[in-house]
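Student: My questions all concern the structure below.
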Amino acid sequence: RQQQVLRRVRVARARLRQLTPRWRSALQRPAPLSAEALEASHQLYSLLLSPLRDLLADRRELWLLPAGDLWNLPFETLKDENARYLAQSMAVSYLGPADLLPLTAPLRPNPGGWMALAQQQLPATARELQLLGEAFERPAGLSWEELRARAPDLEVLHLATHSQARPDHPNQASLQLGSSDIPLQQLYELRLRAGSLVVLTSCGGAHSQLEVERD
């Protein structure tokens, strides 16, 4: 937060996709690391971390926010030219996009621009809304029609409710608002202002498939 340095490191995606599986596969085998595996590790270290050597000097912590294929790479296991794991030199931690919020300027909601809705029958949802703070308006019993009317004016919408995931038929997934089940197609038709943030905490939210090219 005190000092930010931007440095571009160019790495060919094809090369990254060639080296990363080779190194991960070697780590998963209970056998000594082969020369080929160690070479893959050294090349990954050279491509990704060596260009940042001066920035990492004397550091004891490294915080990473990977994207794309880099999520598949365990940085802490990479070996440098002295055959030392990165984890032997510094503690490595991983961040998600939401972890960057404290590093940004404080959010200043416009009156009526933030809204949080909870399914009151679910345990702990009331506490969840309480933790969000006083910035959020929390209307009771908001219907789908009212939400659709208010949506274009919202900057942040937080929903804590029931949902039904359908990995076999994704278009039949639904979200519960009040006593109504709102199908996915209707949710897609919700008009939101550009740059708005929608947060959904619900059951069944992690039913998905990992796809290459997606974070």
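Ligands are numbered from 1 in the order shown, residues from 1 within each chain, and chains are lettered A, B, ... in the order they appear in the structure tokens.
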Can you check which residues of region 158-191 of chain A DSSP gives as strand (DSSP E) on the backbone and send them as a VMD selection string?

Tutor: chain A and resid 158 to 161 163 to 164 174 to 177 180 to 183

Student: Can I get the selected residues back with all heavy atoms, as a compact mmCIF listing (two decimals), in the first residue's frame?

Tutor:
```
# COMPACT_ATOMS: atom_id res chain seq x y z
N HIS A 158 -26.46 -7.27 -2.85
CA HIS A 158 -26.01 -8.46 -2.13
C HIS A 158 -27.22 -9.34 -1.85
O HIS A 158 -28.19 -8.90 -1.24
CB HIS A 158 -25.34 -8.06 -0.81
CG HIS A 158 -24.75 -9.23 -0.07
ND1 HIS A 158 -23.40 -9.54 -0.12
CD2 HIS A 158 -25.33 -10.17 0.74
CE1 HIS A 158 -23.17 -10.61 0.62
NE2 HIS A 158 -24.32 -11.02 1.15
N LEU A 159 -27.16 -10.60 -2.29
CA LEU A 159 -28.27 -11.53 -2.14
C LEU A 159 -27.82 -12.73 -1.31
O LEU A 159 -26.83 -13.39 -1.64
CB LEU A 159 -28.76 -12.02 -3.50
CG LEU A 159 -29.28 -10.95 -4.47
CD1 LEU A 159 -29.48 -11.54 -5.84
CD2 LEU A 159 -30.56 -10.34 -3.95
N ALA A 160 -28.54 -13.00 -0.23
CA ALA A 160 -28.28 -14.18 0.60
C ALA A 160 -29.58 -14.98 0.65
O ALA A 160 -30.50 -14.64 1.39
CB ALA A 160 -27.84 -13.76 2.00
N THR A 161 -29.65 -16.03 -0.16
CA THR A 161 -30.95 -16.68 -0.32
C THR A 161 -30.77 -18.11 -0.82
O THR A 161 -29.66 -18.60 -1.01
CB THR A 161 -31.82 -15.87 -1.30
OG1 THR A 161 -33.10 -16.47 -1.39
CG2 THR A 161 -31.18 -15.81 -2.67
N SER A 163 -30.92 -21.05 -3.64
CA SER A 163 -30.77 -21.18 -5.09
C SER A 163 -30.79 -22.66 -5.43
O SER A 163 -30.54 -23.51 -4.57
CB SER A 163 -29.46 -20.55 -5.57
OG SER A 163 -28.35 -21.28 -5.09
N GLN A 164 -31.10 -22.95 -6.67
CA GLN A 164 -31.10 -24.32 -7.14
C GLN A 164 -30.22 -24.41 -8.37
O GLN A 164 -30.51 -23.80 -9.40
CB GLN A 164 -32.52 -24.80 -7.49
CG GLN A 164 -32.56 -26.26 -7.93
CD GLN A 164 -33.97 -26.73 -8.24
OE1 GLN A 164 -34.88 -25.93 -8.34
NE2 GLN A 164 -34.14 -28.03 -8.41
N SER A 174 -32.27 -21.63 -10.70
CA SER A 174 -33.19 -20.59 -10.22
C SER A 174 -32.71 -20.02 -8.90
O SER A 174 -31.88 -20.61 -8.20
CB SER A 174 -34.61 -21.15 -10.06
OG SER A 174 -34.63 -22.19 -9.09
N LEU A 175 -33.26 -18.87 -8.57
CA LEU A 175 -32.95 -18.15 -7.34
C LEU A 175 -34.26 -17.80 -6.66
O LEU A 175 -35.22 -17.43 -7.34
CB LEU A 175 -32.17 -16.88 -7.68
CG LEU A 175 -31.60 -16.06 -6.53
CD1 LEU A 175 -30.45 -16.80 -5.87
CD2 LEU A 175 -31.11 -14.71 -7.05
N GLN A 176 -34.31 -17.92 -5.34
CA GLN A 176 -35.56 -17.66 -4.63
C GLN A 176 -35.58 -16.24 -4.07
O GLN A 176 -34.66 -15.83 -3.35
CB GLN A 176 -35.75 -18.67 -3.49
CG GLN A 176 -37.14 -18.61 -2.87
CD GLN A 176 -37.36 -19.70 -1.86
OE1 GLN A 176 -36.95 -19.59 -0.71
NE2 GLN A 176 -38.01 -20.79 -2.28
N LEU A 177 -36.60 -15.50 -4.42
CA LEU A 177 -36.84 -14.17 -3.86
C LEU A 177 -38.23 -14.18 -3.24
O LEU A 177 -39.22 -14.34 -3.94
CB LEU A 177 -36.74 -13.09 -4.93
CG LEU A 177 -35.34 -12.72 -5.41
CD1 LEU A 177 -35.42 -11.67 -6.50
CD2 LEU A 177 -34.50 -12.21 -4.24
N SER A 180 -41.08 -16.68 -4.37
CA SER A 180 -41.02 -16.99 -5.80
C SER A 180 -39.65 -17.54 -6.18
O SER A 180 -38.62 -17.10 -5.67
CB SER A 180 -41.31 -15.73 -6.63
OG SER A 180 -42.56 -15.17 -6.29
N ASP A 181 -39.66 -18.52 -7.11
CA ASP A 181 -38.43 -19.02 -7.70
C ASP A 181 -38.22 -18.30 -9.03
O ASP A 181 -39.04 -18.42 -9.94
CB ASP A 181 -38.51 -20.53 -7.93
CG ASP A 181 -38.47 -21.31 -6.63
OD1 ASP A 181 -37.80 -20.83 -5.69
OD2 ASP A 181 -39.10 -22.38 -6.54
N ILE A 182 -37.12 -17.57 -9.12
CA ILE A 182 -36.84 -16.78 -10.32
C ILE A 182 -35.87 -17.57 -11.19
O ILE A 182 -34.73 -17.83 -10.80
CB ILE A 182 -36.22 -15.42 -9.95
CG1 ILE A 182 -37.07 -14.71 -8.89
CG2 ILE A 182 -36.07 -14.56 -11.20
CD1 ILE A 182 -38.50 -14.47 -9.29
N PRO A 183 -36.29 -17.99 -12.38
CA PRO A 183 -35.41 -18.78 -13.25
C PRO A 183 -34.25 -17.95 -13.78
O PRO A 183 -34.30 -16.72 -13.82
CB PRO A 183 -36.33 -19.24 -14.38
CG PRO A 183 -37.46 -18.27 -14.38
CD PRO A 183 -37.63 -17.81 -12.97
```

Student: Env of region 188-192 of chain A: 12 Å cut, atoms = only C-alpha atoms, seq-sep filter 5 positions within chain, self excluded. Answer as a PyMOL selection string.

Tutor: chain A and resi 113+144-157+171+173-175+182-183+197-198

Student: Check region 37-134 of chain A with DSSP on the backbone and list each residue it calls alpha helix (DSSP H), as a PDB file with N, CA and C atoms, in the first residue's frame.

Tutor:
```
ATOM      1  N   ALA A  37      11.722 -32.931 -14.724  1.00  0.00           N
ATOM      2  CA  ALA A  37      10.812 -32.173 -13.869  1.00  0.00           C
ATOM      3  C   ALA A  37      11.517 -30.967 -13.264  1.00  0.00           C
ATOM      4  N   LEU A  38      12.744 -31.172 -12.792  1.00  0.00           N
ATOM      5  CA  LEU A  38      13.491 -30.058 -12.203  1.00  0.00           C
ATOM      6  C   LEU A  38      13.761 -28.969 -13.230  1.00  0.00           C
ATOM      7  N   GLU A  39      14.006 -29.365 -14.451  1.00  0.00           N
ATOM      8  CA  GLU A  39      14.222 -28.377 -15.505  1.00  0.00           C
ATOM      9  C   GLU A  39      12.955 -27.558 -15.745  1.00  0.00           C
ATOM     10  N   ALA A  40      11.798 -28.217 -15.697  1.00  0.00           N
ATOM     11  CA  ALA A  40      10.531 -27.487 -15.845  1.00  0.00           C
ATOM     12  C   ALA A  40      10.359 -26.480 -14.720  1.00  0.00           C
ATOM     13  N   SER A  41      10.692 -26.883 -13.496  1.00  0.00           N
ATOM     14  CA  SER A  41      10.589 -25.982 -12.360  1.00  0.00           C
ATOM     15  C   SER A  41      11.532 -24.794 -12.511  1.00  0.00           C
ATOM     16  N   HIS A  42      12.773 -25.067 -12.898  1.00  0.00           N
ATOM     17  CA  HIS A  42      13.745 -23.995 -13.070  1.00  0.00           C
ATOM     18  C   HIS A  42      13.299 -23.013 -14.156  1.00  0.00           C
ATOM     19  N   GLN A  43      12.722 -23.536 -15.228  1.00  0.00           N
ATOM     20  CA  GLN A  43      12.274 -22.652 -16.304  1.00  0.00           C
ATOM     21  C   GLN A  43      11.092 -21.796 -15.856  1.00  0.00           C
ATOM     22  N   LEU A  44      10.169 -22.383 -15.094  1.00  0.00           N
ATOM     23  CA  LEU A  44       9.040 -21.598 -14.579  1.00  0.00           C
ATOM     24  C   LEU A  44       9.527 -20.505 -13.637  1.00  0.00           C
ATOM     25  N   TYR A  45      10.468 -20.855 -12.778  1.00  0.00           N
ATOM     26  CA  TYR A  45      11.039 -19.868 -11.867  1.00  0.00           C
ATOM     27  C   TYR A  45      11.709 -18.742 -12.666  1.00  0.00           C
ATOM     28  N   SER A  46      12.473 -19.130 -13.675  1.00  0.00           N
ATOM     29  CA  SER A  46      13.195 -18.143 -14.483  1.00  0.00           C
ATOM     30  C   SER A  46      12.232 -17.227 -15.237  1.00  0.00           C
ATOM     31  N   LEU A  47      11.148 -17.804 -15.746  1.00  0.00           N
ATOM     32  CA  LEU A  47      10.190 -17.014 -16.522  1.00  0.00           C
ATOM     33  C   LEU A  47       9.377 -16.064 -15.651  1.00  0.00           C
ATOM     34  N   LEU A  48       8.947 -16.536 -14.486  1.00  0.00           N
ATOM     35  CA  LEU A  48       7.966 -15.795 -13.693  1.00  0.00           C
ATOM     36  C   LEU A  48       8.564 -14.990 -12.547  1.00  0.00           C
ATOM     37  N   ARG A  53      13.445 -10.379  -9.287  1.00  0.00           N
ATOM     38  CA  ARG A  53      14.413 -10.697  -8.240  1.00  0.00           C
ATOM     39  C   ARG A  53      14.725  -9.493  -7.359  1.00  0.00           C
ATOM     40  N   ASP A  54      14.908  -8.319  -7.963  1.00  0.00           N
ATOM     41  CA  ASP A  54      15.261  -7.147  -7.163  1.00  0.00           C
ATOM     42  C   ASP A  54      14.109  -6.713  -6.259  1.00  0.00           C
ATOM     43  N   LEU A  55      12.865  -6.932  -6.720  1.00  0.00           N
ATOM     44  CA  LEU A  55      11.707  -6.562  -5.903  1.00  0.00           C
ATOM     45  C   LEU A  55      11.499  -7.545  -4.753  1.00  0.00           C
ATOM     46  N   LEU A  56      11.942  -8.795  -4.936  1.00  0.00           N
ATOM     47  CA  LEU A  56      11.736  -9.821  -3.924  1.00  0.00           C
ATOM     48  C   LEU A  56      12.897  -9.934  -2.944  1.00  0.00           C
ATOM     49  N   THR A 125     -28.502 -15.697   7.917  1.00  0.00           N
ATOM     50  CA  THR A 125     -28.526 -14.670   6.874  1.00  0.00           C
ATOM     51  C   THR A 125     -28.726 -13.264   7.463  1.00  0.00           C
ATOM     52  N   ALA A 126     -29.502 -13.172   8.532  1.00  0.00           N
ATOM     53  CA  ALA A 126     -29.680 -11.864   9.172  1.00  0.00           C
ATOM     54  C   ALA A 126     -28.346 -11.345   9.705  1.00  0.00           C
ATOM     55  N   ARG A 127     -27.558 -12.263  10.289  1.00  0.00           N
ATOM     56  CA  ARG A 127     -26.230 -11.881  10.780  1.00  0.00           C
ATOM     57  C   ARG A 127     -25.330 -11.481   9.624  1.00  0.00           C
ATOM     58  N   GLU A 128     -25.454 -12.158   8.509  1.00  0.00           N
ATOM     59  CA  GLU A 128     -24.658 -11.831   7.325  1.00  0.00           C
ATOM     60  C   GLU A 128     -24.920 -10.404   6.882  1.00  0.00           C
ATOM     61  N   LEU A 129     -26.194 -10.022   6.862  1.00  0.00           N
ATOM     62  CA  LEU A 129     -26.521  -8.661   6.462  1.00  0.00           C
ATOM     63  C   LEU A 129     -26.043  -7.648   7.488  1.00  0.00           C
ATOM     64  N   GLN A 130     -26.102  -8.036   8.759  1.00  0.00           N
ATOM     65  CA  GLN A 130     -25.640  -7.134   9.800  1.00  0.00           C
ATOM     66  C   GLN A 130     -24.154  -6.829   9.641  1.00  0.00           C
ATOM     67  N   LEU A 131     -23.382  -7.838   9.263  1.00  0.00           N
ATOM     68  CA  LEU A 131     -21.947  -7.653   9.099  1.00  0.00           C
ATOM     69  C   LEU A 131     -21.606  -6.754   7.917  1.00  0.00           C
TER      70      LEU A 131
END
```

Student: Do you know which residues are at most 12 Å from Ser93 (chain A) counting only C-alpha atoms, after dropping those on the same chain fewer than 4 positions away, and could you put them as a ChimeraX atom specification?

Tutor: /A:60-66,74-76,86-87,99

Student: Calculated over only C-alpha atoms, which of the candidates A:Leu122, A:Leu117, A:Val9, A:Leu73 has the smallest distance to Ser25 (chain A)?

Tutor: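 With only C-alpha atoms as the atom set, the closest residue is A:Leu73.
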
Student: Expressed in Å to a single decimal, how great is the separation between CA of Ala57 (chain A) and CA of Ala91 (chain A)?

Tutor: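 A separation of 13.3 Å between them.
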
Student: Under the rule that only C-alpha atoms are counted, which of A:Val92, A:Leu78, A:Ala83, A:Val11 is the nearest residue to Arg24 (chain A)?

Tutor: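 Among the listed residues, the smallest separation from Arg24 (chain A) belongs to A:Leu78.
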